[in-house]
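Novice: The structure's right below; bear with me while I get my questions together.
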Amino acid sequence: MGIEEKAPAGFMLTSVEKIVGLARKSSVWPVTMGLACCAIEMMATGTPRYDISRFGMEVFRASPRHADLMIVSGRLSHKMAPIIRNVYDSMPEPKWVISMGVCASSGGMFNNYAIVQGCDHVVPVDIYLPGCPPRPEMLLHAILELHEQIKNTPLGVNREAAARAAEAAALRATPMHELKGEYA
Ligand code: SF4
């Protein structure tokens, strides 16, 4: 009996996805991207007390071309926005973004002309991390959640279908300006 009869349909593809997912989630390298006070907590996550190297992530890369994770740690000013986008565009695919703290996620208490009201106006965000500032344990939790996402990311046409489904769901969502009472 040939391998085609023995193996159920999709067996090879599923196995490759799992192996690639495991390899990717175990070798995430963050780019150095500290914007404000949250960056101190991010730096603390790299110290022996919290030991981010347990996850193979102790090397914060100075070059975006060596990195596949951006942790936006702090409020993002309009002046900094094009630079952060430039850094993001310089990172190779696949790449991920964690928005660390309320300032990065929504502008936080800085509801003014100088601060971007959420870094997702500039880069696509995979994980939003609340808190002011989030403690290193919270950042580690966000990283572990991201690892789960990365591990389960489909490949090839399956990835395109998942991206299309996510985009359609986002378009169906209620626009922010209609969520009066919650954000206004
Ligand atoms: S969330 Fe808090 S700690 Fe983080 S950048 Fe904003 S003010 Fe600073």
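Ligands are numbered from 1 in the order shown, chains are lettered A, B, ... in the order of the structure tokens, and residues start at 1 in each chain.
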Produce as a ChimeraX atom specification the set of residues near ligand 1, where near means within 6 Å with only C-alpha atoms and all ligand atoms considered.
Specialist: /A:36-38,74-75,101-103,132-133
Novice: Using only N, CA and C atoms, please write the residues we just selected to a file, as a PDB file, in the first residue's frame.
Specialist:
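The result, written out as part.pdb:
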ATOM      1  N   ALA A  36       8.914  54.749  26.529  1.00  0.00           N
ATOM      2  CA  ALA A  36       8.676  55.531  27.747  1.00  0.00           C
ATOM      3  C   ALA A  36       8.818  54.625  28.965  1.00  0.00           C
ATOM      4  N   CYS A  37       8.103  54.980  30.051  1.00  0.00           N
ATOM      5  CA  CYS A  37       8.282  54.282  31.326  1.00  0.00           C
ATOM      6  C   CYS A  37       8.049  52.780  31.210  1.00  0.00           C
ATOM      7  N   CYS A  38       7.125  52.335  30.352  1.00  0.00           N
ATOM      8  CA  CYS A  38       6.874  50.899  30.186  1.00  0.00           C
ATOM      9  C   CYS A  38       8.144  50.162  29.776  1.00  0.00           C
ATOM     10  N   GLY A  74       5.325  51.929  25.697  1.00  0.00           N
ATOM     11  CA  GLY A  74       5.219  53.329  26.090  1.00  0.00           C
ATOM     12  C   GLY A  74       4.357  54.118  25.124  1.00  0.00           C
ATOM     13  N   ARG A  75       4.080  55.379  25.510  1.00  0.00           N
ATOM     14  CA  ARG A  75       3.227  56.216  24.646  1.00  0.00           C
ATOM     15  C   ARG A  75       3.978  56.554  23.376  1.00  0.00           C
ATOM     16  N   GLY A 101       1.045  48.268  27.600  1.00  0.00           N
ATOM     17  CA  GLY A 101       0.569  49.371  28.429  1.00  0.00           C
ATOM     18  C   GLY A 101      -0.558  50.148  27.774  1.00  0.00           C
ATOM     19  N   VAL A 102      -1.300  50.883  28.625  1.00  0.00           N
ATOM     20  CA  VAL A 102      -2.469  51.609  28.122  1.00  0.00           C
ATOM     21  C   VAL A 102      -2.075  52.717  27.147  1.00  0.00           C
ATOM     22  N   CYS A 103      -0.905  53.327  27.353  1.00  0.00           N
ATOM     23  CA  CYS A 103      -0.507  54.417  26.450  1.00  0.00           C
ATOM     24  C   CYS A 103      -0.301  53.909  25.035  1.00  0.00           C
ATOM     25  N   CYS A 132      -0.593  50.134  33.728  1.00  0.00           N
ATOM     26  CA  CYS A 132       0.212  51.357  33.700  1.00  0.00           C
ATOM     27  C   CYS A 132       1.137  51.381  34.903  1.00  0.00           C
ATOM     28  N   PRO A 133       2.327  50.885  34.782  1.00  0.00           N
ATOM     29  CA  PRO A 133       2.816  50.050  33.687  1.00  0.00           C
ATOM     30  C   PRO A 133       2.464  48.583  33.959  1.00  0.00           C
TER      31      PRO A 133
END
Novice: Each residue of stretch 51-148 of chain A lying at most 12 Å from stretch 153-176 of chain A should get a row with its shortest atom-to-atom pair and the distance in Å to one decimal, counting only C-alpha atoms; could you produce that, ordered by chain and increasing number, as JSON lines?
Specialist:
{"residue": "A:Pro94", "atom": "CA", "partner": "A:Thr153", "partner_atom": "CA", "distance": 10.4}
{"residue": "A:Lys95", "atom": "CA", "partner": "A:Thr153", "partner_atom": "CA", "distance": 11.9}
{"residue": "A:Trp96", "atom": "CA", "partner": "A:Thr153", "partner_atom": "CA", "distance": 11.7}
{"residue": "A:Ser106", "atom": "CA", "partner": "A:Met176", "partner_atom": "CA", "distance": 11.8}
{"residue": "A:Pro124", "atom": "CA", "partner": "A:Glu167", "partner_atom": "CA", "distance": 11.8}
{"residue": "A:Asp126", "atom": "CA", "partner": "A:Ala166", "partner_atom": "CA", "distance": 11.8}
{"residue": "A:Leu146", "atom": "CA", "partner": "A:Thr153", "partner_atom": "CA", "distance": 10.4}
{"residue": "A:His147", "atom": "CA", "partner": "A:Thr153", "partner_atom": "CA", "distance": 9.9}
{"residue": "A:Glu148", "atom": "CA", "partner": "A:Thr153", "partner_atom": "CA", "distance": 8.6}
Novice: Please list as an NGL selection string every residue within 9 Å of stretch 77-79 of chain A, counting only C-alpha atoms and excluding residues in the same chain fewer than 4 positions away.
Specialist: :A and (35 or 83 or 113-116)
Novice: Set the distance at 9 Å and use only C-alpha atoms: which residues neighbour A:Ser27 once local chain neighbours fewer than 4 positions away are removed? I'd like the list as a list in words.
Specialist: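 Here the answer would be Leu22, Ala23, Phe55, Gly56 and Met57 of chain A.
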Novice: Could you write out that same residue set with C-alpha atoms as a JSON list (two decimals), in the first residue's frame?
Specialist:
[["chain", "number", "residue", "atom", "x", "y", "z"],
["A", 22, "LEU", "CA", 6.99, 25.19, 17.31],
["A", 23, "ALA", "CA", 10.23, 26.42, 15.72],
["A", 55, "PHE", "CA", 11.95, 31.40, 26.19],
["A", 56, "GLY", "CA", 14.98, 31.85, 23.93],
["A", 57, "MET", "CA", 14.36, 35.60, 23.79]]
Novice: Going by DSSP on the backbone, which residues of stretch 2-184 of chain A come out as strand (DSSP E or B)? List them as a VMD selection string.
Specialist: chain A and resid 30 to 31 34 61 69 to 73 77 96 to 100 115 127 to 129
Novice: Considering only C-alpha atoms, can you say which of A:Asn152, A:Thr32, A:Thr47, A:Asn86 comes closest to A:Val122?
Specialist: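 Going through A:Asn152, A:Thr32, A:Thr47, A:Asn86 one by one, the smallest distance to A:Val122 is for A:Asn86.
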Novice: Would you compute the distance between atom CA of A:Ala81 and atom CA of A:Val28? Give it in Å to one decimal.
Specialist: 23.6 Å
Novice: List every residue of chain A that DSSP, applied to the backbone, labels as alpha helix (DSSP H), and write the result as a PDB file with N, CA and C atoms, in the first residue's frame.
Specialist:
ATOM      1  N   ILE A   3       2.014   5.349   0.392  1.00  0.00           N
ATOM      2  CA  ILE A   3       1.883   6.299   1.514  1.00  0.00           C
ATOM      3  C   ILE A   3       0.577   7.099   1.412  1.00  0.00           C
ATOM      4  N   GLU A   4       0.131   7.325   0.126  1.00  0.00           N
ATOM      5  CA  GLU A   4      -1.099   8.099  -0.062  1.00  0.00           C
ATOM      6  C   GLU A   4      -2.301   7.390   0.573  1.00  0.00           C
ATOM      7  N   GLU A   5      -2.321   6.019   0.462  1.00  0.00           N
ATOM      8  CA  GLU A   5      -3.446   5.289   1.048  1.00  0.00           C
ATOM      9  C   GLU A   5      -3.330   5.208   2.568  1.00  0.00           C
ATOM     10  N   LYS A   6      -2.079   5.083   3.063  1.00  0.00           N
ATOM     11  CA  LYS A   6      -1.885   4.892   4.507  1.00  0.00           C
ATOM     12  C   LYS A   6      -2.161   6.186   5.288  1.00  0.00           C
ATOM     13  N   PHE A  11      -2.295  15.003   6.212  1.00  0.00           N
ATOM     14  CA  PHE A  11      -1.383  14.601   7.301  1.00  0.00           C
ATOM     15  C   PHE A  11      -0.053  15.349   7.211  1.00  0.00           C
ATOM     16  N   MET A  12       0.532  15.409   6.009  1.00  0.00           N
ATOM     17  CA  MET A  12       1.844  16.034   5.862  1.00  0.00           C
ATOM     18  C   MET A  12       1.777  17.531   6.163  1.00  0.00           C
ATOM     19  N   LEU A  13       0.749  18.188   5.623  1.00  0.00           N
ATOM     20  CA  LEU A  13       0.619  19.636   5.813  1.00  0.00           C
ATOM     21  C   LEU A  13       0.465  19.958   7.299  1.00  0.00           C
ATOM     22  N   THR A  14      -0.373  19.215   7.993  1.00  0.00           N
ATOM     23  CA  THR A  14      -0.598  19.470   9.418  1.00  0.00           C
ATOM     24  C   THR A  14       0.705  19.310  10.195  1.00  0.00           C
ATOM     25  N   SER A  15       1.477  18.299   9.874  1.00  0.00           N
ATOM     26  CA  SER A  15       2.730  18.069  10.586  1.00  0.00           C
ATOM     27  C   SER A  15       3.718  19.204  10.338  1.00  0.00           C
ATOM     28  N   VAL A  16       3.814  19.652   9.101  1.00  0.00           N
ATOM     29  CA  VAL A  16       4.732  20.749   8.783  1.00  0.00           C
ATOM     30  C   VAL A  16       4.307  22.008   9.530  1.00  0.00           C
ATOM     31  N   GLU A  17       2.994  22.282   9.555  1.00  0.00           N
ATOM     32  CA  GLU A  17       2.515  23.459  10.284  1.00  0.00           C
ATOM     33  C   GLU A  17       2.908  23.389  11.745  1.00  0.00           C
ATOM     34  N   LYS A  18       2.760  22.218  12.338  1.00  0.00           N
ATOM     35  CA  LYS A  18       3.088  22.087  13.765  1.00  0.00           C
ATOM     36  C   LYS A  18       4.575  22.296  14.003  1.00  0.00           C
ATOM     37  N   ILE A  19       5.401  21.709  13.163  1.00  0.00           N
ATOM     38  CA  ILE A  19       6.853  21.829  13.351  1.00  0.00           C
ATOM     39  C   ILE A  19       7.292  23.282  13.154  1.00  0.00           C
ATOM     40  N   VAL A  20       6.794  23.913  12.095  1.00  0.00           N
ATOM     41  CA  VAL A  20       7.164  25.306  11.838  1.00  0.00           C
ATOM     42  C   VAL A  20       6.661  26.202  12.967  1.00  0.00           C
ATOM     43  N   GLY A  21       5.438  25.934  13.436  1.00  0.00           N
ATOM     44  CA  GLY A  21       4.876  26.721  14.542  1.00  0.00           C
ATOM     45  C   GLY A  21       5.731  26.610  15.791  1.00  0.00           C
ATOM     46  N   LEU A  22       6.146  25.394  16.124  1.00  0.00           N
ATOM     47  CA  LEU A  22       6.987  25.188  17.309  1.00  0.00           C
ATOM     48  C   LEU A  22       8.323  25.897  17.158  1.00  0.00           C
ATOM     49  N   ALA A  23       8.931  25.785  15.954  1.00  0.00           N
ATOM     50  CA  ALA A  23      10.231  26.420  15.723  1.00  0.00           C
ATOM     51  C   ALA A  23      10.099  27.935  15.821  1.00  0.00           C
ATOM     52  N   ARG A  24       9.041  28.467  15.233  1.00  0.00           N
ATOM     53  CA  ARG A  24       8.878  29.931  15.256  1.00  0.00           C
ATOM     54  C   ARG A  24       8.651  30.455  16.659  1.00  0.00           C
ATOM     55  N   LYS A  25       7.772  29.790  17.397  1.00  0.00           N
ATOM     56  CA  LYS A  25       7.451  30.329  18.729  1.00  0.00           C
ATOM     57  C   LYS A  25       8.621  30.164  19.703  1.00  0.00           C
ATOM     58  N   CYS A  38       7.125  52.335  30.352  1.00  0.00           N
ATOM     59  CA  CYS A  38       6.874  50.899  30.186  1.00  0.00           C
ATOM     60  C   CYS A  38       8.144  50.162  29.776  1.00  0.00           C
ATOM     61  N   ALA A  39       9.048  50.869  29.104  1.00  0.00           N
ATOM     62  CA  ALA A  39      10.279  50.222  28.636  1.00  0.00           C
ATOM     63  C   ALA A  39      11.127  49.744  29.808  1.00  0.00           C
ATOM     64  N   ILE A  40      11.015  50.429  30.974  1.00  0.00           N
ATOM     65  CA  ILE A  40      11.789  49.995  32.144  1.00  0.00           C
ATOM     66  C   ILE A  40      11.318  48.604  32.573  1.00  0.00           C
ATOM     67  N   GLU A  41       9.977  48.410  32.541  1.00  0.00           N
ATOM     68  CA  GLU A  41       9.444  47.082  32.898  1.00  0.00           C
ATOM     69  C   GLU A  41       9.876  46.047  31.866  1.00  0.00           C
ATOM     70  N   MET A  42       9.912  46.468  30.605  1.00  0.00           N
ATOM     71  CA  MET A  42      10.355  45.535  29.556  1.00  0.00           C
ATOM     72  C   MET A  42      11.825  45.143  29.789  1.00  0.00           C
ATOM     73  N   MET A  43      12.640  46.129  30.160  1.00  0.00           N
ATOM     74  CA  MET A  43      14.055  45.830  30.431  1.00  0.00           C
ATOM     75  C   MET A  43      14.176  44.910  31.634  1.00  0.00           C
ATOM     76  N   ALA A  44      13.326  45.146  32.661  1.00  0.00           N
ATOM     77  CA  ALA A  44      13.371  44.289  33.853  1.00  0.00           C
ATOM     78  C   ALA A  44      13.048  42.845  33.479  1.00  0.00           C
ATOM     79  N   THR A  45      12.214  42.665  32.452  1.00  0.00           N
ATOM     80  CA  THR A  45      11.855  41.302  32.022  1.00  0.00           C
ATOM     81  C   THR A  45      13.076  40.552  31.504  1.00  0.00           C
ATOM     82  N   ALA A  81       6.004  58.269  15.339  1.00  0.00           N
ATOM     83  CA  ALA A  81       5.189  57.299  14.590  1.00  0.00           C
ATOM     84  C   ALA A  81       5.834  56.854  13.272  1.00  0.00           C
ATOM     85  N   PRO A  82       6.328  57.773  12.426  1.00  0.00           N
ATOM     86  CA  PRO A  82       6.938  57.294  11.176  1.00  0.00           C
ATOM     87  C   PRO A  82       8.186  56.458  11.407  1.00  0.00           C
ATOM     88  N   ILE A  83       8.890  56.717  12.499  1.00  0.00           N
ATOM     89  CA  ILE A  83      10.105  55.945  12.787  1.00  0.00           C
ATOM     90  C   ILE A  83       9.743  54.517  13.179  1.00  0.00           C
ATOM     91  N   ILE A  84       8.731  54.392  14.021  1.00  0.00           N
ATOM     92  CA  ILE A  84       8.321  53.057  14.465  1.00  0.00           C
ATOM     93  C   ILE A  84       7.808  52.263  13.257  1.00  0.00           C
ATOM     94  N   ARG A  85       7.124  52.943  12.331  1.00  0.00           N
ATOM     95  CA  ARG A  85       6.637  52.237  11.141  1.00  0.00           C
ATOM     96  C   ARG A  85       7.818  51.806  10.256  1.00  0.00           C
ATOM     97  N   ASN A  86       8.817  52.661  10.200  1.00  0.00           N
ATOM     98  CA  ASN A  86      10.018  52.335   9.426  1.00  0.00           C
ATOM     99  C   ASN A  86      10.708  51.098  10.003  1.00  0.00           C
ATOM    100  N   VAL A  87      10.816  51.066  11.336  1.00  0.00           N
ATOM    101  CA  VAL A  87      11.432  49.906  12.002  1.00  0.00           C
ATOM    102  C   VAL A  87      10.601  48.660  11.716  1.00  0.00           C
ATOM    103  N   TYR A  88       9.272  48.790  11.821  1.00  0.00           N
ATOM    104  CA  TYR A  88       8.395  47.627  11.568  1.00  0.00           C
ATOM    105  C   TYR A  88       8.569  47.132  10.135  1.00  0.00           C
ATOM    106  N   ASP A  89       8.587  48.049   9.185  1.00  0.00           N
ATOM    107  CA  ASP A  89       8.728  47.654   7.778  1.00  0.00           C
ATOM    108  C   ASP A  89      10.079  46.995   7.508  1.00  0.00           C
ATOM    109  N   SER A  90      11.087  47.307   8.310  1.00  0.00           N
ATOM    110  CA  SER A  90      12.417  46.728   8.109  1.00  0.00           C
ATOM    111  C   SER A  90      12.534  45.321   8.674  1.00  0.00           C
ATOM    112  N   GLY A 101       1.045  48.268  27.600  1.00  0.00           N
ATOM    113  CA  GLY A 101       0.569  49.371  28.429  1.00  0.00           C
ATOM    114  C   GLY A 101      -0.558  50.148  27.774  1.00  0.00           C
ATOM    115  N   VAL A 102      -1.300  50.883  28.625  1.00  0.00           N
ATOM    116  CA  VAL A 102      -2.469  51.609  28.122  1.00  0.00           C
ATOM    117  C   VAL A 102      -2.075  52.717  27.147  1.00  0.00           C
ATOM    118  N   CYS A 103      -0.905  53.327  27.353  1.00  0.00           N
ATOM    119  CA  CYS A 103      -0.507  54.417  26.450  1.00  0.00           C
ATOM    120  C   CYS A 103      -0.301  53.909  25.035  1.00  0.00           C
ATOM    121  N   ALA A 104       0.416  52.785  24.895  1.00  0.00           N
ATOM    122  CA  ALA A 104       0.652  52.238  23.559  1.00  0.00           C
ATOM    123  C   ALA A 104      -0.662  51.753  22.947  1.00  0.00           C
ATOM    124  N   SER A 105      -1.564  51.219  23.784  1.00  0.00           N
ATOM    125  CA  SER A 105      -2.784  50.607  23.258  1.00  0.00           C
ATOM    126  C   SER A 105      -3.855  51.635  22.909  1.00  0.00           C
ATOM    127  N   SER A 106      -3.921  52.747  23.678  1.00  0.00           N
ATOM    128  CA  SER A 106      -5.036  53.672  23.452  1.00  0.00           C
ATOM    129  C   SER A 106      -4.661  55.134  23.667  1.00  0.00           C
ATOM    130  N   PRO A 136       6.519  43.013  34.758  1.00  0.00           N
ATOM    131  CA  PRO A 136       7.201  42.025  33.916  1.00  0.00           C
ATOM    132  C   PRO A 136       6.440  40.706  33.809  1.00  0.00           C
ATOM    133  N   GLU A 137       5.764  40.286  34.904  1.00  0.00           N
ATOM    134  CA  GLU A 137       4.991  39.036  34.840  1.00  0.00           C
ATOM    135  C   GLU A 137       3.894  39.148  33.786  1.00  0.00           C
ATOM    136  N   MET A 138       3.288  40.354  33.686  1.00  0.00           N
ATOM    137  CA  MET A 138       2.213  40.541  32.697  1.00  0.00           C
ATOM    138  C   MET A 138       2.781  40.483  31.280  1.00  0.00           C
ATOM    139  N   LEU A 139       3.970  41.068  31.107  1.00  0.00           N
ATOM    140  CA  LEU A 139       4.582  41.007  29.771  1.00  0.00           C
ATOM    141  C   LEU A 139       4.917  39.557  29.419  1.00  0.00           C
ATOM    142  N   LEU A 140       5.419  38.808  30.406  1.00  0.00           N
ATOM    143  CA  LEU A 140       5.722  37.399  30.144  1.00  0.00           C
ATOM    144  C   LEU A 140       4.450  36.641  29.764  1.00  0.00           C
ATOM    145  N   HIS A 141       3.341  36.976  30.437  1.00  0.00           N
ATOM    146  CA  HIS A 141       2.073  36.319  30.107  1.00  0.00           C
ATOM    147  C   HIS A 141       1.648  36.658  28.674  1.00  0.00           C
ATOM    148  N   ALA A 142       1.813  37.936  28.300  1.00  0.00           N
ATOM    149  CA  ALA A 142       1.465  38.340  26.923  1.00  0.00           C
ATOM    150  C   ALA A 142       2.338  37.594  25.916  1.00  0.00           C
ATOM    151  N   ILE A 143       3.614  37.437  26.252  1.00  0.00           N
ATOM    152  CA  ILE A 143       4.527  36.727  25.342  1.00  0.00           C
ATOM    153  C   ILE A 143       4.103  35.263  25.199  1.00  0.00           C
ATOM    154  N   LEU A 144       3.699  34.652  26.320  1.00  0.00           N
ATOM    155  CA  LEU A 144       3.262  33.253  26.244  1.00  0.00           C
ATOM    156  C   LEU A 144       1.984  33.123  25.423  1.00  0.00           C
ATOM    157  N   GLU A 145       1.075  34.111  25.557  1.00  0.00           N
ATOM    158  CA  GLU A 145      -0.142  34.102  24.726  1.00  0.00           C
ATOM    159  C   GLU A 145       0.226  34.235  23.249  1.00  0.00           C
ATOM    160  N   LEU A 146       1.196  35.101  22.975  1.00  0.00           N
ATOM    161  CA  LEU A 146       1.646  35.272  21.587  1.00  0.00           C
ATOM    162  C   LEU A 146       2.260  33.969  21.070  1.00  0.00           C
ATOM    163  N   HIS A 147       3.016  33.292  21.928  1.00  0.00           N
ATOM    164  CA  HIS A 147       3.596  32.003  21.524  1.00  0.00           C
ATOM    165  C   HIS A 147       2.503  31.036  21.085  1.00  0.00           C
ATOM    166  N   GLU A 148       1.381  31.034  21.829  1.00  0.00           N
ATOM    167  CA  GLU A 148       0.271  30.138  21.451  1.00  0.00           C
ATOM    168  C   GLU A 148      -0.263  30.504  20.078  1.00  0.00           C
ATOM    169  N   GLN A 149      -0.411  31.832  19.855  1.00  0.00           N
ATOM    170  CA  GLN A 149      -0.886  32.306  18.534  1.00  0.00           C
ATOM    171  C   GLN A 149       0.067  31.859  17.438  1.00  0.00           C
ATOM    172  N   ILE A 150       1.364  32.066  17.673  1.00  0.00           N
ATOM    173  CA  ILE A 150       2.366  31.742  16.651  1.00  0.00           C
ATOM    174  C   ILE A 150       2.352  30.236  16.379  1.00  0.00           C
ATOM    175  N   LYS A 151       2.259  29.455  17.464  1.00  0.00           N
ATOM    176  CA  LYS A 151       2.282  27.986  17.329  1.00  0.00           C
ATOM    177  C   LYS A 151       1.127  27.505  16.470  1.00  0.00           C
ATOM    178  N   GLY A 156       0.717  28.918   4.349  1.00  0.00           N
ATOM    179  CA  GLY A 156       0.305  28.920   2.952  1.00  0.00           C
ATOM    180  C   GLY A 156      -1.118  29.404   2.741  1.00  0.00           C
ATOM    181  N   VAL A 157      -1.908  28.633   1.965  1.00  0.00           N
ATOM    182  CA  VAL A 157      -3.278  29.062   1.641  1.00  0.00           C
ATOM    183  C   VAL A 157      -4.127  29.125   2.897  1.00  0.00           C
ATOM    184  N   ASN A 158      -3.837  28.249   3.878  1.00  0.00           N
ATOM    185  CA  ASN A 158      -4.606  28.274   5.129  1.00  0.00           C
ATOM    186  C   ASN A 158      -4.380  29.603   5.864  1.00  0.00           C
ATOM    187  N   ARG A 159      -3.134  30.104   5.785  1.00  0.00           N
ATOM    188  CA  ARG A 159      -2.829  31.376   6.444  1.00  0.00           C
ATOM    189  C   ARG A 159      -3.574  32.518   5.753  1.00  0.00           C
ATOM    190  N   GLU A 160      -3.593  32.467   4.415  1.00  0.00           N
ATOM    191  CA  GLU A 160      -4.319  33.513   3.677  1.00  0.00           C
ATOM    192  C   GLU A 160      -5.798  33.483   4.017  1.00  0.00           C
ATOM    193  N   ALA A 161      -6.373  32.283   4.114  1.00  0.00           N
ATOM    194  CA  ALA A 161      -7.800  32.168   4.447  1.00  0.00           C
ATOM    195  C   ALA A 161      -8.053  32.713   5.849  1.00  0.00           C
ATOM    196  N   ALA A 162      -7.152  32.412   6.800  1.00  0.00           N
ATOM    197  CA  ALA A 162      -7.321  32.901   8.171  1.00  0.00           C
ATOM    198  C   ALA A 162      -7.233  34.427   8.204  1.00  0.00           C
ATOM    199  N   ALA A 163      -6.292  34.999   7.412  1.00  0.00           N
ATOM    200  CA  ALA A 163      -6.144  36.463   7.373  1.00  0.00           C
ATOM    201  C   ALA A 163      -7.401  37.100   6.783  1.00  0.00           C
ATOM    202  N   ARG A 164      -7.950  36.461   5.722  1.00  0.00           N
ATOM    203  CA  ARG A 164      -9.174  37.003   5.107  1.00  0.00           C
ATOM    204  C   ARG A 164     -10.350  36.952   6.079  1.00  0.00           C
ATOM    205  N   ALA A 165     -10.457  35.851   6.816  1.00  0.00           N
ATOM    206  CA  ALA A 165     -11.546  35.717   7.798  1.00  0.00           C
ATOM    207  C   ALA A 165     -11.402  36.766   8.892  1.00  0.00           C
ATOM    208  N   ALA A 166     -10.167  37.014   9.350  1.00  0.00           N
ATOM    209  CA  ALA A 166      -9.938  38.012  10.409  1.00  0.00           C
ATOM    210  C   ALA A 166     -10.285  39.409   9.905  1.00  0.00           C
ATOM    211  N   GLU A 167      -9.929  39.691   8.644  1.00  0.00           N
ATOM    212  CA  GLU A 167     -10.227  41.001   8.070  1.00  0.00           C
ATOM    213  C   GLU A 167     -11.737  41.198   7.945  1.00  0.00           C
ATOM    214  N   ALA A 168     -12.436  40.150   7.494  1.00  0.00           N
ATOM    215  CA  ALA A 168     -13.893  40.250   7.358  1.00  0.00           C
ATOM    216  C   ALA A 168     -14.539  40.484   8.717  1.00  0.00           C
ATOM    217  N   ALA A 169     -14.033  39.798   9.757  1.00  0.00           N
ATOM    218  CA  ALA A 169     -14.588  39.973  11.105  1.00  0.00           C
ATOM    219  C   ALA A 169     -14.346  41.401  11.593  1.00  0.00           C
ATOM    220  N   ALA A 170     -13.165  41.953  11.271  1.00  0.00           N
ATOM    221  CA  ALA A 170     -12.851  43.321  11.695  1.00  0.00           C
ATOM    222  C   ALA A 170     -13.770  44.326  10.996  1.00  0.00           C
ATOM    223  N   LEU A 171     -14.078  44.072   9.711  1.00  0.00           N
ATOM    224  CA  LEU A 171     -14.958  44.984   8.981  1.00  0.00           C
ATOM    225  C   LEU A 171     -16.385  44.919   9.500  1.00  0.00           C
ATOM    226  N   ARG A 172     -16.788  43.748  10.019  1.00  0.00           N
ATOM    227  CA  ARG A 172     -18.150  43.595  10.561  1.00  0.00           C
ATOM    228  C   ARG A 172     -18.278  44.231  11.941  1.00  0.00           C
TER     229      ARG A 172
END
